[in-house]
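The next block is entry-v7.cif, given as mmCIF, C-alpha atoms.
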data_my_file
#
loop_
_atom_site.group_PDB
_atom_site.id
_atom_site.type_symbol
_atom_site.label_atom_id
_atom_site.label_comp_id
_atom_site.auth_asym_id
_atom_site.auth_seq_id
_atom_site.Cartn_x
_atom_site.Cartn_y
_atom_site.Cartn_z
ATOM 1 C CA MET A 1 71.482 -118.677 77.165
ATOM 2 C CA THR A 2 74.463 -117.014 78.831
ATOM 3 C CA THR A 3 78.108 -118.014 78.987
ATOM 4 C CA ALA A 4 80.168 -118.416 82.139
ATOM 5 C CA ARG A 5 81.411 -114.864 81.634
ATOM 6 C CA GLY A 6 77.889 -113.534 81.360
ATOM 7 C CA GLY A 7 77.836 -113.033 77.591
ATOM 8 C CA THR A 8 74.661 -113.821 75.680
ATOM 9 C CA VAL A 9 74.635 -116.657 73.142
ATOM 10 C CA THR A 10 72.042 -115.940 70.453
ATOM 11 C CA GLY A 11 72.913 -118.582 67.858
ATOM 12 C CA ARG A 12 72.761 -115.828 65.229
ATOM 13 C CA PRO A 13 76.092 -114.690 63.764
ATOM 14 C CA ASP A 14 77.004 -111.003 63.892
ATOM 15 C CA ARG A 15 78.767 -110.838 60.548
ATOM 16 C CA GLN A 16 80.232 -107.388 60.964
ATOM 17 C CA ALA A 17 81.685 -108.310 64.346
ATOM 18 C CA MET A 18 83.065 -111.548 62.863
ATOM 19 C CA GLN A 19 84.810 -109.627 60.081
ATOM 20 C CA ARG A 20 86.333 -107.208 62.570
ATOM 21 C CA ALA A 21 87.499 -110.120 64.714
ATOM 22 C CA VAL A 22 89.159 -111.878 61.769
ATOM 23 C CA ARG A 23 90.901 -108.661 60.725
ATOM 24 C CA ASP A 24 92.083 -108.080 64.298
ATOM 25 C CA PHE A 25 93.389 -111.648 64.424
ATOM 26 C CA LEU A 26 95.408 -111.143 61.233
ATOM 27 C CA VAL A 27 96.846 -107.895 62.571
ATOM 28 C CA ALA A 28 97.647 -109.548 65.922
ATOM 29 C CA ALA A 29 99.454 -112.303 64.014
ATOM 30 C CA GLY A 30 101.732 -109.625 62.573
ATOM 31 C CA LEU A 31 100.291 -109.706 59.070
ATOM 32 C CA ASP A 32 99.681 -106.780 56.746
ATOM 33 C CA VAL A 33 95.957 -106.740 56.028
ATOM 34 C CA ARG A 34 96.614 -104.440 53.065
ATOM 35 C CA ASP A 35 98.157 -107.415 51.262
ATOM 36 C CA PRO A 36 95.928 -108.047 48.215
ATOM 37 C CA ASN A 37 95.572 -111.694 49.270
ATOM 38 C CA LEU A 38 94.287 -110.679 52.705
ATOM 39 C CA VAL A 39 92.044 -107.699 51.909
ATOM 40 C CA GLN A 40 88.940 -109.862 51.415
ATOM 41 C CA THR A 41 89.942 -112.541 53.914
ATOM 42 C CA PRO A 42 87.756 -111.248 56.783
ATOM 43 C CA ALA A 43 84.681 -111.316 54.533
ATOM 44 C CA ARG A 44 85.517 -114.737 53.095
ATOM 45 C CA VAL A 45 86.186 -116.285 56.495
ATOM 46 C CA THR A 46 82.991 -114.811 57.899
ATOM 47 C CA GLU A 47 80.917 -116.202 55.038
ATOM 48 C CA ALA A 48 82.429 -119.673 55.392
ATOM 49 C CA TRP A 49 81.904 -119.842 59.154
ATOM 50 C CA ALA A 50 78.450 -118.253 59.273
ATOM 51 C CA ASP A 51 76.955 -120.087 56.287
ATOM 52 C CA GLU A 52 78.721 -123.447 56.369
ATOM 53 C CA PHE A 53 80.632 -124.256 59.557
ATOM 54 C CA LEU A 54 78.172 -122.936 62.159
ATOM 55 C CA ASP A 55 74.821 -123.100 60.354
ATOM 56 C CA GLY A 56 73.796 -126.081 62.488
ATOM 57 C CA TYR A 57 72.979 -123.751 65.384
ATOM 58 C CA ALA A 58 70.037 -122.408 63.368
ATOM 59 C CA GLN A 59 68.597 -125.911 62.838
ATOM 60 C CA THR A 60 66.678 -128.299 65.066
ATOM 61 C CA PRO A 61 66.520 -132.108 64.911
ATOM 62 C CA ALA A 62 62.727 -132.045 64.631
ATOM 63 C CA ALA A 63 62.854 -129.781 61.589
ATOM 64 C CA VAL A 64 65.639 -131.558 59.692
ATOM 65 C CA LEU A 65 64.136 -135.016 60.209
ATOM 66 C CA GLY A 66 61.054 -133.852 58.329
ATOM 67 C CA GLU A 67 58.093 -136.048 57.472
ATOM 68 C CA ARG A 68 57.530 -139.298 59.331
ATOM 69 C CA PHE A 69 56.101 -142.372 57.628
ATOM 70 C CA PRO A 70 53.975 -144.816 59.670
ATOM 71 C CA VAL A 71 55.110 -148.391 60.219
ATOM 72 C CA SER A 72 52.340 -150.975 59.882
ATOM 73 C CA THR A 73 53.850 -153.571 62.250
ATOM 74 C CA PRO A 74 56.484 -152.108 64.597
ATOM 75 C CA SER A 75 59.105 -154.511 65.941
ATOM 76 C CA ASP A 76 61.673 -154.148 68.682
ATOM 77 C CA ARG A 77 64.195 -156.306 66.801
ATOM 78 C CA GLU A 78 64.302 -154.827 63.298
ATOM 79 C CA VAL A 79 67.121 -152.372 62.710
ATOM 80 C CA VAL A 80 67.402 -149.657 60.066
ATOM 81 C CA VAL A 81 71.073 -149.041 59.244
ATOM 82 C CA VAL A 82 72.655 -146.419 56.975
ATOM 83 C CA THR A 83 76.429 -146.462 56.596
ATOM 84 C CA GLY A 84 79.044 -144.229 55.022
ATOM 85 C CA LEU A 85 77.397 -140.827 55.492
ATOM 86 C CA TRP A 86 80.123 -138.237 54.916
ATOM 87 C CA PHE A 87 80.254 -135.440 57.496
ATOM 88 C CA ARG A 88 82.548 -132.638 58.563
ATOM 89 C CA SER A 89 82.683 -130.591 61.712
ATOM 90 C CA MET A 90 84.855 -128.213 63.738
ATOM 91 C CA CYS A 91 86.691 -129.070 66.950
ATOM 92 C CA PRO A 92 85.915 -126.502 69.675
ATOM 93 C CA HIS A 93 89.397 -126.796 71.197
ATOM 94 C CA HIS A 94 91.492 -125.507 68.286
ATOM 95 C CA LEU A 95 88.850 -124.470 65.728
ATOM 96 C CA LEU A 96 90.266 -127.021 63.317
ATOM 97 C CA PRO A 97 88.178 -129.287 61.101
ATOM 98 C CA TYR A 98 87.602 -132.997 61.252
ATOM 99 C CA SER A 99 85.704 -135.137 58.777
ATOM 100 C CA GLY A 100 84.823 -138.722 58.090
ATOM 101 C CA ARG A 101 81.969 -141.200 57.865
ATOM 102 C CA ALA A 102 78.926 -141.605 60.066
ATOM 103 C CA HIS A 103 77.098 -144.909 60.492
ATOM 104 C CA LEU A 104 73.584 -144.623 61.941
ATOM 105 C CA ALA A 105 71.083 -147.193 63.113
ATOM 106 C CA TYR A 106 67.703 -147.137 64.796
ATOM 107 C CA VAL A 107 64.953 -149.538 65.742
ATOM 108 C CA PRO A 108 61.732 -147.997 64.385
ATOM 109 C CA GLY A 109 58.853 -147.263 66.695
ATOM 110 C CA ALA A 110 55.601 -146.199 65.083
ATOM 111 C CA SER A 111 57.309 -144.395 62.197
ATOM 112 C CA VAL A 112 60.395 -144.142 60.002
ATOM 113 C CA ILE A 113 61.998 -141.289 58.064
ATOM 114 C CA GLY A 114 63.603 -140.893 54.654
ATOM 115 C CA PHE A 115 67.207 -142.101 54.516
ATOM 116 C CA GLY A 116 68.425 -138.689 53.373
ATOM 117 C CA ARG A 117 67.067 -137.166 56.564
ATOM 118 C CA LEU A 118 69.624 -139.140 58.559
ATOM 119 C CA ALA A 119 72.433 -137.276 56.808
ATOM 120 C CA ALA A 120 70.643 -134.004 57.539
ATOM 121 C CA LEU A 121 70.419 -134.952 61.210
ATOM 122 C CA VAL A 122 74.164 -135.539 61.399
ATOM 123 C CA ASP A 123 74.797 -132.173 59.735
ATOM 124 C CA CYS A 124 72.420 -130.431 62.151
ATOM 125 C CA PHE A 125 74.812 -131.233 65.005
ATOM 126 C CA ALA A 126 78.071 -131.490 63.052
ATOM 127 C CA HIS A 127 77.816 -127.933 61.728
ATOM 128 C CA ARG A 128 78.572 -126.596 65.186
ATOM 129 C CA LEU A 129 81.611 -126.490 67.442
ATOM 130 C CA VAL A 130 81.399 -129.996 68.878
ATOM 131 C CA LEU A 131 83.697 -132.797 69.981
ATOM 132 C CA GLN A 132 83.436 -136.014 67.991
ATOM 133 C CA GLU A 133 82.406 -137.935 71.116
ATOM 134 C CA GLU A 134 79.614 -135.481 71.899
ATOM 135 C CA LEU A 135 78.491 -135.423 68.274
ATOM 136 C CA ALA A 136 77.896 -139.188 68.362
ATOM 137 C CA ARG A 137 75.878 -138.865 71.585
ATOM 138 C CA GLN A 138 73.776 -135.996 70.255
ATOM 139 C CA VAL A 139 72.869 -137.796 67.029
ATOM 140 C CA ALA A 140 71.955 -141.059 68.768
ATOM 141 C CA SER A 141 69.912 -139.238 71.414
ATOM 142 C CA ALA A 142 68.008 -137.223 68.803
ATOM 143 C CA LEU A 143 67.218 -140.342 66.773
ATOM 144 C CA MET A 144 65.860 -142.027 69.881
ATOM 145 C CA GLY A 145 63.876 -139.062 71.157
ATOM 146 C CA GLU A 146 62.512 -137.516 67.977
ATOM 147 C CA LEU A 147 61.355 -140.803 66.418
ATOM 148 C CA GLY A 148 60.179 -142.505 69.586
ATOM 149 C CA SER A 149 62.583 -145.254 68.659
ATOM 150 C CA GLN A 150 63.253 -148.383 70.687
ATOM 151 C CA GLY A 151 66.967 -147.837 70.221
ATOM 152 C CA ALA A 152 69.509 -145.844 68.241
ATOM 153 C CA ALA A 153 73.222 -145.791 67.536
ATOM 154 C CA CYS A 154 75.781 -143.502 65.938
ATOM 155 C CA VAL A 155 79.316 -144.582 65.055
ATOM 156 C CA LEU A 156 81.711 -141.920 63.754
ATOM 157 C CA GLU A 157 85.061 -142.517 62.062
ATOM 158 C CA ALA A 158 87.020 -139.335 61.438
ATOM 159 C CA GLU A 159 90.312 -137.726 60.521
ATOM 160 C CA GLN A 160 91.081 -135.060 63.105
ATOM 161 C CA THR A 161 93.179 -132.190 61.779
ATOM 162 C CA CYS A 162 94.404 -131.286 65.256
ATOM 163 C CA LEU A 163 95.753 -134.836 65.670
ATOM 164 C CA ARG A 164 97.157 -135.202 62.174
ATOM 165 C CA LEU A 165 98.813 -131.789 61.756
ATOM 166 C CA ARG A 166 99.676 -130.706 65.295
ATOM 167 C CA GLY A 167 101.816 -132.119 68.093
ATOM 168 C CA GLY A 168 102.872 -135.647 67.189
ATOM 169 C CA GLU A 169 101.523 -135.210 63.632
ATOM 170 C CA GLN A 170 99.841 -138.602 63.511
ATOM 171 C CA CYS A 171 99.021 -138.328 59.823
ATOM 172 C CA GLU A 172 97.480 -141.802 59.563
ATOM 173 C CA ALA A 173 95.364 -141.663 62.726
ATOM 174 C CA VAL A 174 91.628 -142.308 62.524
ATOM 175 C CA THR A 175 89.453 -141.559 65.544
ATOM 176 C CA HIS A 176 86.308 -143.470 66.458
ATOM 177 C CA ALA A 177 83.384 -142.446 68.645
ATOM 178 C CA GLU A 178 80.292 -144.543 69.372
ATOM 179 C CA ALA A 179 77.004 -143.864 71.131
ATOM 180 C CA TYR A 180 74.180 -146.333 71.811
ATOM 181 C CA GLU A 181 70.675 -145.777 73.140
ATOM 182 C CA GLY A 182 67.860 -148.098 74.229
ATOM 183 C CA VAL A 183 67.830 -151.685 72.995
ATOM 184 C CA LEU A 184 70.926 -151.118 70.850
ATOM 185 C CA ARG A 185 72.878 -151.168 74.098
ATOM 186 C CA GLU A 186 72.098 -154.902 74.211
ATOM 187 C CA PRO A 187 75.079 -157.076 73.152
ATOM 188 C CA GLY A 188 73.045 -159.065 70.625
ATOM 189 C CA LEU A 189 71.694 -156.136 68.631
ATOM 190 C CA ARG A 190 74.963 -154.276 68.935
ATOM 191 C CA ALA A 191 76.781 -157.299 67.473
ATOM 192 C CA GLU A 192 74.280 -157.373 64.600
ATOM 193 C CA LEU A 193 74.911 -153.703 63.949
ATOM 194 C CA TRP A 194 78.680 -154.163 63.925
ATOM 195 C CA ALA A 195 78.311 -157.125 61.571
ATOM 196 C CA ARG A 196 76.504 -154.863 59.141
ATOM 197 C CA LEU A 197 79.392 -152.425 59.410
ATOM 198 C CA GLY A 198 81.862 -155.214 58.674
ATOM 199 C CA LYS A 199 83.500 -154.862 62.079
ATOM 200 C CA ARG A 200 83.715 -156.781 65.336
ATOM 201 C CA ALA A 201 81.475 -155.918 68.275
#
Since I need it in another form, could you write the structure as structure tokens?
Amino acid sequence: MTTARGGTVTGRPDRQAMQRAVRDFLVAAGLDVRDPNLVQTPARVTEAWADEFLDGYAQTPAAVLGERFPVSTPSDREVVVVTGLWFRSMCPHHLLPYSGRAHLAYVPGASVIGFGRLAALVDCFAHRLVLQEELARQVASALMGELGSQGAACVLEAEQTCLRLRGGEQCEAVTHAEAYEGVLREPGLRAELWARLGKRA
């Protein structure tokens, strides 16, 4: 894949280049990189970003969802719901973190997955540079496509650092993003889902 400027996107971090970039940033900010507190900063920042904040680029939904378990009598009305999955991600606009709770639902097709795999699916997309709105869409779409589900939904509630600490400093603000696929777009099933979440449709 190439960027608009023609650069190649590999999905694999160049750690040495990342360290140089962090050091250059500190210097450009007018800081003395010989300061004992900053000497190891380029290496620490690189490790955090490569191994924790951007490791989702090396994962695929199919792999993280893992083993599927067959359903004996599939139904187009039964909903699997898991609420309160903690997640964290990075906003691509300011490279600032946001975190919160993810609520996932899907209508099983021929198979289901382990509940823990739903958290792994969220992390697969969240550990990238992604807007909260797009993150919800990606998770719901993957649930629908990878499981052959009749419907899927992802509701994200988050605290956005760029909203809470910048500009108007809305320190109490909570942002919400929702995405629905298939039969969960129907008002009836959506209302059932929201009832499970203790909210209004």
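Take the PyMOL selection byres ((chain A and resi 88-100) around 8) and apply it to this file: it picks Phe53, Trp86, Phe87, Arg101, Ala102, Asp123, Ala126, His127, Arg128, Leu129, Val130, Leu131, Gln132, Leu156, Glu157, Ala158, Glu159, Gln160, Thr161 and Cys162 of chain A.
Atom pair CA of Tyr180 (chain A) / CA of Gly114 (chain A) has a distance of 20.9 Å (rounded to one decimal).
As for CA of Ala140 (chain A) and CA of Leu104 (chain A), they are spaced 7.9 Å apart.
Comparing the minimum interatomic distances between Asp14 (chain A) and each of A:Val139, A:Val45, A:Ala50, A:Ala63, counting all atoms listed in the file, we find that A:Ala50 sits nearest.
The space separating CA of Glu146 (chain A) from CA of Arg190 (chain A) comes to 20.9 Å.
Shortest atom-to-atom contact with Leu163 (chain A) among A:Gln16, A:Thr46, A:Gln150, A:Thr175: A:Thr175, counting all atoms listed in the file.
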Enclose the full set of atoms of region 39-56 of chain A listed in the file within a box whose edges lie along x, y and z, apply 8 Å of padding to each of the six sides, and report centre and edge lengths in Å to one decimal as AutoDock Vina command-line options.
--center_x 82.9 --center_y -116.9 --center_z 57.0 --size_x 34.2 --size_y 34.4 --size_z 27.1
Practice task
Run the PyMOL selection byres ((chain A and resi 66) around 12) mentally over the shown coordinates, then write out the matched residues as a list in words, using the chain letters and numbers from the document.
Solution key: Gln59, Thr60, Pro61, Ala62, Ala63, Val64, Leu65, Glu67, Arg68, Phe69, Ser111, Val112, Ile113, Gly114, Phe115, Gly116, Arg117, Leu118, Ala119, Ala120, Leu121, Glu146 and Leu147 of chain A
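When all atoms listed in the file are used to measure the gap to Thr83 (chain A), the shortest distance among A:Tyr57, A:Ala191, A:Gln40, A:Ala105 belongs to A:Ala105.
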Exercise for the section: Please write the residues picked by the PyMOL selection byres ((chain A and resi 43) around 10) on this file as an MDAnalysis selection string. Expected result: chainID A and resid 15:16 18:20 22:23 38:42 44:48
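Nearest-residue note for His176 (chain A): choosing from A:Arg12, A:Arg196, A:His103, A:Arg34, the minimum distance belongs to A:His103, counting all atoms listed in the file.
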Practice task
Find the residues around Gly148 (chain A) up to 6 Å (only C-alpha atoms counted), leave out those fewer than 3 positions away in its own chain, and share them as a PyMOL selection string.
Solution key: chain A and resi 109+144-145
Output file: region 7-36 of chain A, N, CA, C and O atoms, as a tab-separated table (two decimals), in the first residue's frame:
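This is the output file result_12.tsv:
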chain	number	residue	atom	x	y	z
A	7	GLY	N	4.79	7.26	-0.36
A	7	GLY	CA	5.55	6.43	0.56
A	7	GLY	C	4.90	5.07	0.73
A	7	GLY	O	3.69	4.92	0.58
A	8	THR	N	5.71	4.07	1.05
A	8	THR	CA	5.20	2.72	1.21
A	8	THR	C	4.82	2.46	2.67
A	8	THR	O	5.57	2.78	3.58
A	9	VAL	N	3.65	1.89	2.88
A	9	VAL	CA	3.19	1.50	4.21
A	9	VAL	C	3.36	-0.01	4.34
A	9	VAL	O	2.71	-0.77	3.64
A	10	THR	N	4.25	-0.44	5.24
A	10	THR	CA	4.53	-1.86	5.37
A	10	THR	C	3.79	-2.51	6.53
A	10	THR	O	3.61	-3.71	6.54
A	11	GLY	N	3.38	-1.70	7.52
A	11	GLY	CA	2.77	-2.26	8.71
A	11	GLY	C	3.78	-2.81	9.68
A	11	GLY	O	3.43	-3.29	10.75
A	12	ARG	N	5.07	-2.74	9.34
A	12	ARG	CA	6.14	-3.21	10.21
A	12	ARG	C	6.95	-2.01	10.68
A	12	ARG	O	7.48	-1.24	9.86
A	13	PRO	N	7.07	-1.80	11.98
A	13	PRO	CA	7.78	-0.62	12.49
A	13	PRO	C	9.28	-0.70	12.25
A	13	PRO	O	9.89	-1.75	12.46
A	14	ASP	N	9.87	0.39	11.83
A	14	ASP	CA	11.31	0.54	11.72
A	14	ASP	C	11.76	1.20	13.02
A	14	ASP	O	11.68	2.41	13.18
A	15	ARG	N	12.22	0.40	13.95
A	15	ARG	CA	12.48	0.89	15.30
A	15	ARG	C	13.61	1.90	15.35
A	15	ARG	O	13.56	2.87	16.12
A	16	GLN	N	14.63	1.69	14.56
A	16	GLN	CA	15.73	2.65	14.56
A	16	GLN	C	15.27	4.00	14.03
A	16	GLN	O	15.62	5.05	14.58
A	17	ALA	N	14.47	3.98	12.97
A	17	ALA	CA	13.95	5.23	12.41
A	17	ALA	C	13.01	5.91	13.40
A	17	ALA	O	12.99	7.14	13.51
A	18	MET	N	12.22	5.11	14.14
A	18	MET	CA	11.32	5.68	15.14
A	18	MET	C	12.12	6.37	16.24
A	18	MET	O	11.77	7.48	16.66
A	19	GLN	N	13.20	5.75	16.69
A	19	GLN	CA	14.01	6.36	17.74
A	19	GLN	C	14.64	7.66	17.26
A	19	GLN	O	14.67	8.66	17.99
A	20	ARG	N	15.12	7.66	16.02
A	20	ARG	CA	15.69	8.90	15.48
A	20	ARG	C	14.64	10.00	15.40
A	20	ARG	O	14.90	11.17	15.70
A	21	ALA	N	13.42	9.61	14.98
A	21	ALA	CA	12.35	10.58	14.85
A	21	ALA	C	11.96	11.18	16.20
A	21	ALA	O	11.71	12.39	16.31
A	22	VAL	N	11.90	10.34	17.23
A	22	VAL	CA	11.55	10.84	18.57
A	22	VAL	C	12.64	11.78	19.07
A	22	VAL	O	12.35	12.86	19.62
A	23	ARG	N	13.89	11.41	18.86
A	23	ARG	CA	15.00	12.28	19.28
A	23	ARG	C	14.95	13.61	18.54
A	23	ARG	O	15.10	14.68	19.14
A	24	ASP	N	14.70	13.55	17.23
A	24	ASP	CA	14.60	14.79	16.44
A	24	ASP	C	13.45	15.66	16.93
A	24	ASP	O	13.56	16.89	16.95
A	25	PHE	N	12.35	15.02	17.31
A	25	PHE	CA	11.20	15.77	17.82
A	25	PHE	C	11.57	16.50	19.11
A	25	PHE	O	11.23	17.68	19.29
A	26	LEU	N	12.26	15.83	20.01
A	26	LEU	CA	12.66	16.44	21.27
A	26	LEU	C	13.59	17.62	21.03
A	26	LEU	O	13.46	18.68	21.66
A	27	VAL	N	14.53	17.43	20.11
A	27	VAL	CA	15.46	18.52	19.77
A	27	VAL	C	14.69	19.69	19.16
A	27	VAL	O	14.90	20.86	19.50
A	28	ALA	N	13.75	19.38	18.23
A	28	ALA	CA	12.96	20.42	17.59
A	28	ALA	C	12.09	21.18	18.59
A	28	ALA	O	11.77	22.36	18.38
A	29	ALA	N	11.72	20.50	19.68
A	29	ALA	CA	10.93	21.15	20.72
A	29	ALA	C	11.78	21.99	21.65
A	29	ALA	O	11.26	22.59	22.60
A	30	GLY	N	13.09	22.05	21.36
A	30	GLY	CA	13.99	22.89	22.15
A	30	GLY	C	14.50	22.23	23.41
A	30	GLY	O	14.98	22.93	24.32
A	31	LEU	N	14.42	20.91	23.48
A	31	LEU	CA	14.84	20.21	24.69
A	31	LEU	C	16.26	19.66	24.54
A	31	LEU	O	16.74	19.38	23.43
A	32	ASP	N	16.92	19.50	25.67
A	32	ASP	CA	18.28	18.97	25.69
A	32	ASP	C	18.21	17.46	25.86
A	32	ASP	O	17.89	16.96	26.95
A	33	VAL	N	18.49	16.73	24.80
A	33	VAL	CA	18.37	15.27	24.86
A	33	VAL	C	19.48	14.63	25.67
A	33	VAL	O	19.50	13.40	25.84
A	34	ARG	N	20.40	15.44	26.18
A	34	ARG	CA	21.43	14.90	27.09
A	34	ARG	C	20.94	14.87	28.53
A	34	ARG	O	21.60	14.31	29.40
A	35	ASP	N	19.78	15.46	28.76
A	35	ASP	CA	19.15	15.41	30.09
A	35	ASP	C	18.98	13.94	30.47
A	35	ASP	O	18.45	13.14	29.69
A	36	PRO	N	19.43	13.54	31.67
A	36	PRO	CA	19.31	12.14	32.07
A	36	PRO	C	17.90	11.57	31.95
A	36	PRO	O	17.72	10.38	31.69
